[in-house]
>>> print(open('my_file-v3.cif').read())   # mmCIF, C-alpha atoms and all ligand atoms
data_model
#
loop_
_atom_site.label_atom_id
_atom_site.label_comp_id
_atom_site.auth_asym_id
_atom_site.auth_seq_id
_atom_site.Cartn_x
_atom_site.Cartn_y
_atom_site.Cartn_z
CA MET B 18 6.37 30.40 29.88
CA THR B 19 5.04 32.82 27.33
CA VAL B 20 1.62 34.39 27.12
CA GLN B 21 1.14 32.57 23.80
CA SER B 22 1.87 29.18 25.32
CA CYS B 23 -0.93 29.88 27.80
CA GLY B 24 -3.29 30.38 24.90
CA TYR B 25 -4.01 33.78 26.49
CA ASP B 26 -5.64 36.34 24.23
CA HIS B 27 -5.04 40.01 25.17
CA GLN B 28 -7.90 41.34 23.06
CA VAL B 29 -10.53 39.04 24.49
CA VAL B 30 -9.45 39.73 28.05
CA SER B 31 -9.25 43.51 27.71
CA SER B 32 -12.85 43.57 26.45
CA VAL B 33 -14.18 41.81 29.58
CA ILE B 34 -12.22 43.68 32.26
CA ARG B 35 -14.48 44.66 35.19
CA PRO B 36 -13.70 46.41 38.47
CA VAL B 37 -11.25 44.35 40.49
CA PRO B 38 -12.57 42.82 43.73
CA ALA B 39 -11.10 44.24 46.94
CA ALA B 40 -9.96 40.77 48.00
CA VAL B 41 -10.04 37.16 46.82
CA THR B 42 -9.60 34.18 49.13
CA ALA B 43 -8.70 30.71 47.86
CA THR B 44 -7.96 27.45 49.64
CA ALA B 45 -5.73 24.57 48.52
CA PRO B 46 -5.32 21.07 49.97
CA ALA B 47 -2.51 19.02 51.43
CA LYS B 48 -1.70 15.77 49.63
CA VAL B 49 -0.86 12.22 50.61
CA ASN B 50 0.93 10.00 48.08
CA LEU B 51 -0.91 6.67 47.93
CA GLN B 52 1.98 5.36 45.84
CA LEU B 53 5.35 7.04 45.42
CA ALA B 54 7.62 5.09 43.08
CA VAL B 55 11.00 6.80 42.64
CA GLY B 56 13.33 6.07 39.72
CA PRO B 57 17.01 6.93 39.41
CA ALA B 58 18.19 10.55 39.56
CA ARG B 59 17.95 12.30 36.19
CA ALA B 60 20.58 14.53 34.63
CA ASP B 61 18.76 17.62 36.03
CA GLY B 62 18.96 16.22 39.60
CA TYR B 63 15.26 15.39 39.81
CA HIS B 64 14.00 11.83 40.01
CA ALA B 65 11.57 10.25 37.59
CA LEU B 66 8.41 9.45 39.54
CA VAL B 67 5.21 7.56 39.25
CA THR B 68 2.96 8.68 42.04
CA VAL B 69 -0.70 8.54 42.99
CA PHE B 70 -1.65 11.86 44.57
CA HIS B 71 -4.63 12.15 46.90
CA ALA B 72 -5.87 15.57 48.06
CA VAL B 73 -7.11 15.68 51.66
CA SER B 74 -9.23 18.10 53.67
CA LEU B 75 -6.37 19.88 55.40
CA LEU B 76 -6.41 23.27 53.70
CA ASP B 77 -4.24 26.38 53.63
CA GLU B 78 -6.03 29.63 52.87
CA VAL B 79 -4.61 32.52 50.85
CA THR B 80 -6.17 35.99 50.52
CA VAL B 81 -4.89 38.39 47.87
CA ARG B 82 -5.59 42.11 47.57
CA PRO B 83 -4.44 44.73 45.06
CA ALA B 84 -1.42 46.68 46.33
CA SER B 85 1.19 49.01 44.92
CA ARG B 86 3.97 46.60 45.98
CA THR B 87 3.91 42.90 46.72
CA SER B 88 4.00 41.91 50.39
CA ILE B 89 3.20 38.76 52.33
CA THR B 90 2.08 37.74 55.83
CA VAL B 91 1.91 34.21 57.21
CA ALA B 92 -0.24 33.18 60.18
CA GLY B 93 -1.27 29.86 61.72
CA GLU B 94 0.45 26.44 61.90
CA ASP B 95 4.27 26.70 61.72
CA ALA B 96 3.97 30.34 60.54
CA GLY B 97 7.33 31.21 62.06
CA LEU B 98 9.05 28.63 59.82
CA VAL B 99 7.77 30.16 56.59
CA PRO B 100 9.71 32.99 54.94
CA ALA B 101 7.58 36.16 54.69
CA ASN B 102 9.49 37.51 51.71
CA GLU B 103 9.99 37.07 47.97
CA SER B 104 11.40 33.55 48.43
CA ASN B 105 7.96 32.34 49.60
CA LEU B 106 6.43 30.06 46.96
CA ALA B 107 3.19 32.07 47.10
CA TRP B 108 5.02 35.32 46.29
CA ARG B 109 6.86 33.52 43.46
CA ALA B 110 3.52 32.19 42.19
CA ALA B 111 2.04 35.71 42.02
CA ASP B 112 5.17 36.95 40.20
CA ALA B 113 5.08 34.01 37.77
CA LEU B 114 1.41 34.57 36.93
CA ALA B 115 1.96 38.32 36.51
CA ALA B 116 4.93 37.65 34.19
CA ALA B 117 2.99 35.05 32.17
CA ILE B 118 0.20 37.54 31.43
CA GLY B 119 2.47 40.54 30.94
CA LEU B 120 1.47 42.37 34.15
CA ALA B 121 5.03 43.48 34.89
CA GLU B 122 4.15 45.98 37.63
CA ALA B 123 1.38 44.02 39.39
CA GLY B 124 1.70 44.27 43.16
CA VAL B 125 -0.40 42.15 45.46
CA ARG B 126 -0.78 41.76 49.20
CA ILE B 127 -0.76 38.07 50.09
CA ASP B 128 -2.05 36.85 53.47
CA ILE B 129 -1.54 33.14 54.14
CA ARG B 130 -3.36 31.24 56.89
CA LYS B 131 -1.56 27.93 57.33
CA ARG B 132 -3.07 24.73 58.62
CA ILE B 133 -0.71 22.41 56.73
CA PRO B 134 2.52 21.93 58.70
CA VAL B 135 5.78 23.02 57.07
CA ALA B 136 8.38 20.56 55.67
CA ALA B 137 5.97 17.75 56.51
CA GLY B 138 5.67 15.83 53.23
CA LEU B 139 2.19 17.24 52.69
CA ALA B 140 3.07 19.79 49.97
CA GLY B 141 1.97 22.78 52.06
CA GLY B 142 4.18 25.24 50.17
CA SER B 143 2.80 23.93 46.90
CA ALA B 144 -0.74 24.40 48.25
CA ASP B 145 0.05 28.04 49.03
CA ALA B 146 1.42 28.55 45.51
CA ALA B 147 -1.63 26.88 43.95
CA ALA B 148 -4.07 28.93 46.05
CA THR B 149 -2.19 32.10 45.10
CA LEU B 150 -2.34 31.25 41.38
CA VAL B 151 -6.09 30.61 41.56
CA ALA B 152 -6.75 33.70 43.72
CA CYS B 153 -4.67 36.06 41.53
CA ASN B 154 -6.26 34.59 38.39
CA ASP B 155 -9.58 35.74 39.86
CA LEU B 156 -8.32 39.05 41.32
CA TRP B 157 -6.73 40.11 38.04
CA GLN B 158 -9.63 38.63 36.05
CA VAL B 159 -7.23 36.81 33.80
CA GLY B 160 -9.39 33.79 33.05
CA LEU B 161 -6.53 31.32 32.63
CA SER B 162 -7.67 27.71 32.54
CA GLN B 163 -6.72 25.12 35.15
CA ALA B 164 -4.30 23.59 32.62
CA GLU B 165 -2.63 26.98 32.09
CA LEU B 166 -2.28 27.53 35.84
CA CYS B 167 -0.75 24.04 36.13
CA GLU B 168 1.79 24.91 33.46
CA ILE B 169 2.85 28.00 35.41
CA GLY B 170 2.76 26.03 38.67
CA ALA B 171 5.05 23.26 37.38
CA ASP B 172 7.92 25.76 37.12
CA LEU B 173 7.44 26.63 40.82
CA GLY B 174 7.51 23.09 42.21
CA SER B 175 6.77 19.49 41.26
CA ASP B 176 3.65 19.25 43.46
CA VAL B 177 2.06 22.59 42.53
CA PRO B 178 0.04 21.30 39.53
CA PHE B 179 -1.57 18.65 41.71
CA ALA B 180 -2.48 21.22 44.37
CA VAL B 181 -4.26 23.14 41.59
CA VAL B 182 -6.13 20.05 40.34
CA GLY B 183 -6.81 18.05 43.54
CA GLY B 184 -8.86 14.86 43.71
CA ILE B 185 -6.87 11.71 42.98
CA ALA B 186 -4.41 11.81 40.08
CA VAL B 187 -1.41 9.93 38.75
CA GLY B 188 1.73 12.08 38.54
CA ARG B 189 4.62 11.27 36.22
CA GLY B 190 7.78 13.12 35.20
CA ARG B 191 8.85 15.06 38.31
CA GLY B 192 5.30 14.51 39.59
CA ASP B 193 4.07 17.48 37.57
CA VAL B 194 2.59 15.60 34.60
CA LEU B 195 -0.89 14.61 35.75
CA THR B 196 -3.55 12.18 34.59
CA PRO B 197 -6.84 11.96 36.50
CA ALA B 198 -7.27 8.59 38.20
CA LEU B 199 -10.46 6.59 37.99
CA ALA B 200 -11.25 6.31 41.68
CA ALA B 201 -14.32 5.89 43.86
CA GLY B 202 -15.00 6.18 47.56
CA ASN B 203 -14.03 8.40 50.44
CA TYR B 204 -10.91 7.84 52.49
CA HIS B 205 -10.49 8.85 56.12
CA TRP B 206 -7.03 9.56 57.46
CA ALA B 207 -5.25 10.27 60.70
CA LEU B 208 -2.22 12.46 60.02
CA ALA B 209 0.53 12.38 62.64
CA PHE B 210 2.98 15.27 62.50
CA GLY B 211 6.67 14.78 63.30
CA GLN B 212 8.69 16.71 65.87
CA ALA B 213 10.85 18.40 63.21
CA GLY B 214 10.55 18.89 59.45
CA LEU B 215 12.47 17.04 56.75
CA SER B 216 13.98 18.66 53.66
CA THR B 217 12.58 17.03 50.52
CA ALA B 218 15.92 17.39 48.73
CA GLU B 219 17.76 15.71 51.63
CA VAL B 220 15.29 12.81 51.74
CA TYR B 221 15.76 12.18 47.99
CA ALA B 222 19.55 12.36 48.44
CA THR B 223 19.37 9.90 51.35
CA CYS B 224 17.23 7.57 49.23
CA ASP B 225 19.94 7.64 46.52
CA ARG B 226 22.66 6.91 49.10
CA LEU B 227 20.77 4.02 50.71
CA ARG B 228 20.07 2.51 47.30
CA ALA B 229 23.69 2.90 46.14
CA ARG B 230 24.91 1.24 49.33
CA ALA B 231 22.47 -1.67 48.94
CA THR B 232 23.43 -2.10 45.27
CA ALA B 233 27.16 -2.06 46.12
CA ALA B 234 26.52 -4.71 48.78
CA GLY B 235 24.75 -6.83 46.18
CA ASN B 236 21.44 -6.53 48.02
CA ARG B 237 19.43 -4.78 45.35
CA ALA B 238 19.44 -4.10 41.61
CA PRO B 239 19.98 -0.47 40.57
CA ALA B 240 16.71 1.53 40.57
CA GLY B 241 14.76 1.02 37.37
CA GLU B 242 12.01 3.09 35.79
CA PRO B 243 9.11 3.50 38.24
CA THR B 244 5.81 1.82 37.36
CA LEU B 245 2.22 2.40 38.43
CA SER B 246 0.74 -0.16 40.83
CA THR B 247 -2.06 -1.94 38.96
CA PRO B 248 -3.49 -3.50 42.16
CA LEU B 249 -3.68 -0.07 43.83
CA MET B 250 -5.50 1.41 40.84
CA ALA B 251 -7.97 -1.51 40.89
CA ALA B 252 -8.57 -1.00 44.63
CA LEU B 253 -9.19 2.72 44.04
CA ARG B 254 -11.65 1.94 41.25
CA ALA B 255 -13.45 -0.37 43.68
CA GLY B 256 -13.46 2.48 46.23
CA ASP B 257 -12.59 0.08 49.03
CA PRO B 258 -10.29 1.46 51.78
CA ALA B 259 -9.70 -2.07 53.11
CA GLN B 260 -8.21 -3.03 49.74
CA VAL B 261 -6.31 0.25 49.36
CA GLY B 262 -4.69 0.17 52.82
CA PRO B 263 -2.19 -2.69 52.33
CA LEU B 264 -1.29 -1.40 48.84
CA LEU B 265 -0.03 2.02 50.01
CA SER B 266 3.68 2.33 49.15
CA ASN B 267 6.40 4.95 49.35
CA ASP B 268 9.93 4.48 48.03
CA LEU B 269 11.06 7.47 50.12
CA GLN B 270 9.95 5.84 53.37
CA PRO B 271 13.23 4.01 54.14
CA ALA B 272 15.12 7.30 53.71
CA ALA B 273 12.68 9.24 55.92
CA LEU B 274 12.86 6.49 58.58
CA SER B 275 16.65 6.49 58.51
CA MET B 276 16.61 10.26 59.11
CA GLN B 277 13.91 10.13 61.83
CA PRO B 278 13.92 6.58 63.30
CA GLU B 279 11.22 7.59 65.82
CA LEU B 280 8.69 7.54 62.97
CA ARG B 281 8.78 3.73 63.17
CA ARG B 282 7.04 3.94 66.52
CA ALA B 283 4.25 6.14 65.15
CA LEU B 284 3.72 3.77 62.19
CA ALA B 285 3.65 0.71 64.47
CA GLU B 286 1.23 2.32 66.94
CA GLY B 287 -1.12 3.37 64.15
CA ARG B 288 -1.18 -0.22 62.87
CA ASP B 289 -1.85 -1.42 66.42
CA TYR B 290 -4.85 0.89 66.53
CA GLY B 291 -6.26 -0.89 63.50
CA ALA B 292 -5.18 1.41 60.65
CA LEU B 293 -5.87 -0.22 57.28
CA GLY B 294 -2.58 1.19 56.02
CA ALA B 295 0.24 3.19 57.61
CA ILE B 296 2.76 5.13 55.56
CA VAL B 297 5.12 8.09 55.59
CA SER B 298 3.54 10.83 53.50
CA GLY B 299 5.79 11.88 50.59
CA SER B 300 9.21 12.86 51.90
CA GLY B 301 7.86 12.86 55.48
CA PRO B 302 7.93 13.15 58.38
CA THR B 303 4.10 13.15 58.52
CA CYS B 304 2.73 9.62 58.92
CA ALA B 305 -0.62 8.94 57.26
CA PHE B 306 -2.95 6.25 58.60
CA LEU B 307 -5.86 5.06 56.50
CA ALA B 308 -8.81 4.51 58.82
CA LYS B 309 -12.06 2.53 58.60
CA GLY B 310 -14.12 5.71 58.90
CA ALA B 311 -14.19 9.22 60.36
CA ALA B 312 -14.57 8.08 63.98
CA HIS B 313 -11.73 5.57 63.62
CA ALA B 314 -9.50 8.29 62.13
CA ARG B 315 -10.23 10.50 65.14
CA ASP B 316 -9.48 7.63 67.53
CA ILE B 317 -6.12 6.96 65.88
CA ALA B 318 -5.25 10.69 65.97
CA VAL B 319 -6.17 10.95 69.66
CA ALA B 320 -4.29 7.75 70.55
CA LEU B 321 -1.09 8.80 68.77
CA THR B 322 -1.16 12.26 70.32
CA SER B 323 -1.74 11.00 73.84
CA SER B 324 0.91 8.28 73.59
CA GLY B 325 3.49 10.88 72.53
CA ALA B 326 4.27 9.01 69.29
CA CYS B 327 3.98 12.31 67.41
CA ARG B 328 4.00 16.07 68.03
CA ALA B 329 0.34 16.43 67.08
CA ALA B 330 -2.21 14.64 64.95
CA THR B 331 -5.39 15.47 63.11
CA ARG B 332 -7.87 13.73 60.91
CA ALA B 333 -8.66 14.51 57.30
CA SER B 334 -10.56 12.93 54.47
CA GLY B 335 -10.30 12.87 50.72
CA PRO B 336 -10.45 13.19 47.88
CA VAL B 337 -11.17 16.95 47.94
CA PRO B 338 -10.96 19.45 45.07
CA GLY B 339 -7.80 21.40 44.28
CA ALA B 340 -7.24 25.11 44.77
CA SER B 341 -10.56 26.95 44.74
CA VAL B 342 -11.79 30.50 45.25
CA VAL B 343 -13.93 30.53 48.38
CA LYS B 344 -14.60 34.28 48.67
CA ALA B 345 -14.25 37.23 46.32
CA GLY B 346 -15.46 40.76 46.86
CA ALA B 347 -15.20 43.67 49.22
O1 LIG B 401 10.03 20.39 42.80
P1 LIG B 401 10.33 20.73 44.22
O2 LIG B 401 10.95 22.10 44.38
O3 LIG B 401 9.19 20.52 45.14
O4 LIG B 401 11.45 19.68 44.68
C1 LIG B 401 12.19 19.85 45.86
C2 LIG B 401 13.40 18.96 45.79
O5 LIG B 401 12.99 17.58 45.85
C3 LIG B 401 14.19 19.07 44.52
O6 LIG B 401 15.15 20.08 44.61
C4 LIG B 401 14.83 17.69 44.40
O7 LIG B 401 15.97 17.61 45.23
C5 LIG B 401 13.79 16.78 45.00
N1 LIG B 401 12.94 16.15 43.97
C6 LIG B 401 13.47 15.14 43.19
N2 LIG B 401 12.69 14.55 42.24
C7 LIG B 401 11.40 14.91 42.09
C8 LIG B 401 10.83 15.93 42.88
C9 LIG B 401 11.64 16.53 43.82
O8 LIG B 401 14.64 14.78 43.32
N3 LIG B 401 10.66 14.28 41.16
#
>>> encode(input="my_file-v3.cif", output="structure tokens")
Amino acid sequence: MTVQSCGYDHQVVSSVIRPVPAAVTATAPAKVNLQLAVGPARADGYHALVTVFHAVSLLDEVTVRPASRTSITVAGEDAGLVPANESNLAWRAADALAAAIGLAEAGVRIDIRKRIPVAAGLAGGSADAAATLVACNDLWQVGLSQAELCEIGADLGSDVPFAVVGGIAVGRGRGDVLTPALAAGNYHWALAFGQAGLSTAEVYATCDRLRARATAAGNRAPAGEPTLSTPLMAALRAGDPAQVGPLLSNDLQPAALSMQPELRRALAEGRDYGALGAIVSGSGPTCAFLAKGAAHARDIAVALTSSGACRAATRASGPVPGASVVKAGA
């Protein structure tokens, strides 16, 4: 992406430069896909999607500080599974923003505090990238708009633009082309984390294989273009979790279940505990249970943890805003 395509104006920015803060901290949310409709694989290997993203109150936190060279630390949930080097999506986000604004030599120290589990279908890496974009935008006093940060984020990963925007939004293309959704209400979730992560790429590949096998056996038509669920959108406009629950859908769920069959038990137990809807989140293995309220979400989380149906569980609610600066200064 070029500086021009950002609409960035060097002269305007240079006239408003002020002393850089010593540190900027931003948070960004995990997501649950309320609908994930997956089309056939495209020529570039990605799949055409129609998805309804929902940002929930499980947040990663990223602090950035000026430095002569870029470095990164990762602490918190699953920290040992996250690369603390230039392959980290947060590091790549800082590099991409610096390149987009022509800051070739910009170093930054990035400290990530993770609460979103890794390889969980909750877009935790994308959240870290989004928080880094927003934090560096503030640290370097660049003043790029949310739309410009989304454009940079889309090159980093399909879910990064949504982690910047948050709320509830319809994603098309690879999931990176967003339209805000008309939605009301608050939604309370229990999130049950799997024993081991799942690779998004492998889940998509398994989905393709399962579909090809079913088509060859004459059990299903080849995947067509994905379409948005009109009943789900109506339920979201009504803001009624009881209507939304049964309309949750995820085309990647059969693939995730075939790779981790034990997830069936978690889904069944959550339904037994009265969840309004029970679904694998994105590419999994996190299972998301829509609850009747905050206390019910806690009860489901406690029940699933104590029964051993999952490694751990928490509750969260949404929609929440996308990546946001929470602290800037000394
Ligand atoms: O965009 P992102 O890097 O998050 O995607 C990870 C992987 O998920 C891709 O390499 C691809 O295998 C798969 N994917 C896909 N279609 C999408 C989004 C992701 O096949 N729309």
>>> residues_near_ligand(input="my_file-v3.cif", ligand="ligand LIG 401 (chain B)", cutoff="8 Å", atoms="all atoms listed in the file", output="NGL selection string")
:B and (55 or 58 or 62-66 or 140 or 143 or 171 or 173-177 or 190-192 or 216-222)
>>> closest_residue(input="my_file-v3.cif", among="B:Ala137, B:Leu53, B:Val337, B:Ala285", to="Thr68 in chain B", atoms="all atoms listed in the file")
B:Leu53
>>> atom_distance(input="my_file-v3.cif", atom1="CA of Trp206 in chain B", atom2="CA of Ala47 in chain B")
12.1 Å
>>> residues_around(input="my_file-v3.cif", residues="Ala229 in chain B", least_positions_apart="6", cutoff="10 Å", atoms="all atoms listed in the file", output="PyMOL selection string")
chain B and resi 223+235-240
>>> atom_distance(input="my_file-v3.cif", atom1="CA of Ala121 in chain B", atom2="CA of Ser85 in chain B")
12.1 Å
>>> closest_residue(input="my_file-v3.cif", among="B:Ala117, B:Ala320, B:Ala201, B:Ala213", to="His71 in chain B", atoms="only C-alpha atoms")
B:Ala201
>>> atom_distance(input="my_file-v3.cif", atom1="CA of Val261 in chain B", atom2="CA of Gln52 in chain B")
10.4 Å
>>> closest_residue(input="my_file-v3.cif", among="B:Gly335, B:Gly184, B:Gly119, B:Pro134", to="Val159 in chain B", atoms="all atoms listed in the file")
B:Gly119
>>> closest_residue(input="my_file-v3.cif", among="B:Pro248, B:Gly291, B:Gly56, B:Pro38", to="Lys309 in chain B", atoms="only C-alpha atoms")
B:Gly291
>>> closest_residue(input="my_file-v3.cif", among="B:Trp108, B:Tyr204, B:Phe70, B:Phe179", to="Leu51 in chain B", atoms="only C-alpha atoms")
B:Phe70
>>> closest_residue(input="my_file-v3.cif", among="B:Leu208, B:Ala231, B:Ala101, B:Ala340", to="Leu166 in chain B", atoms="only C-alpha atoms")
B:Ala340
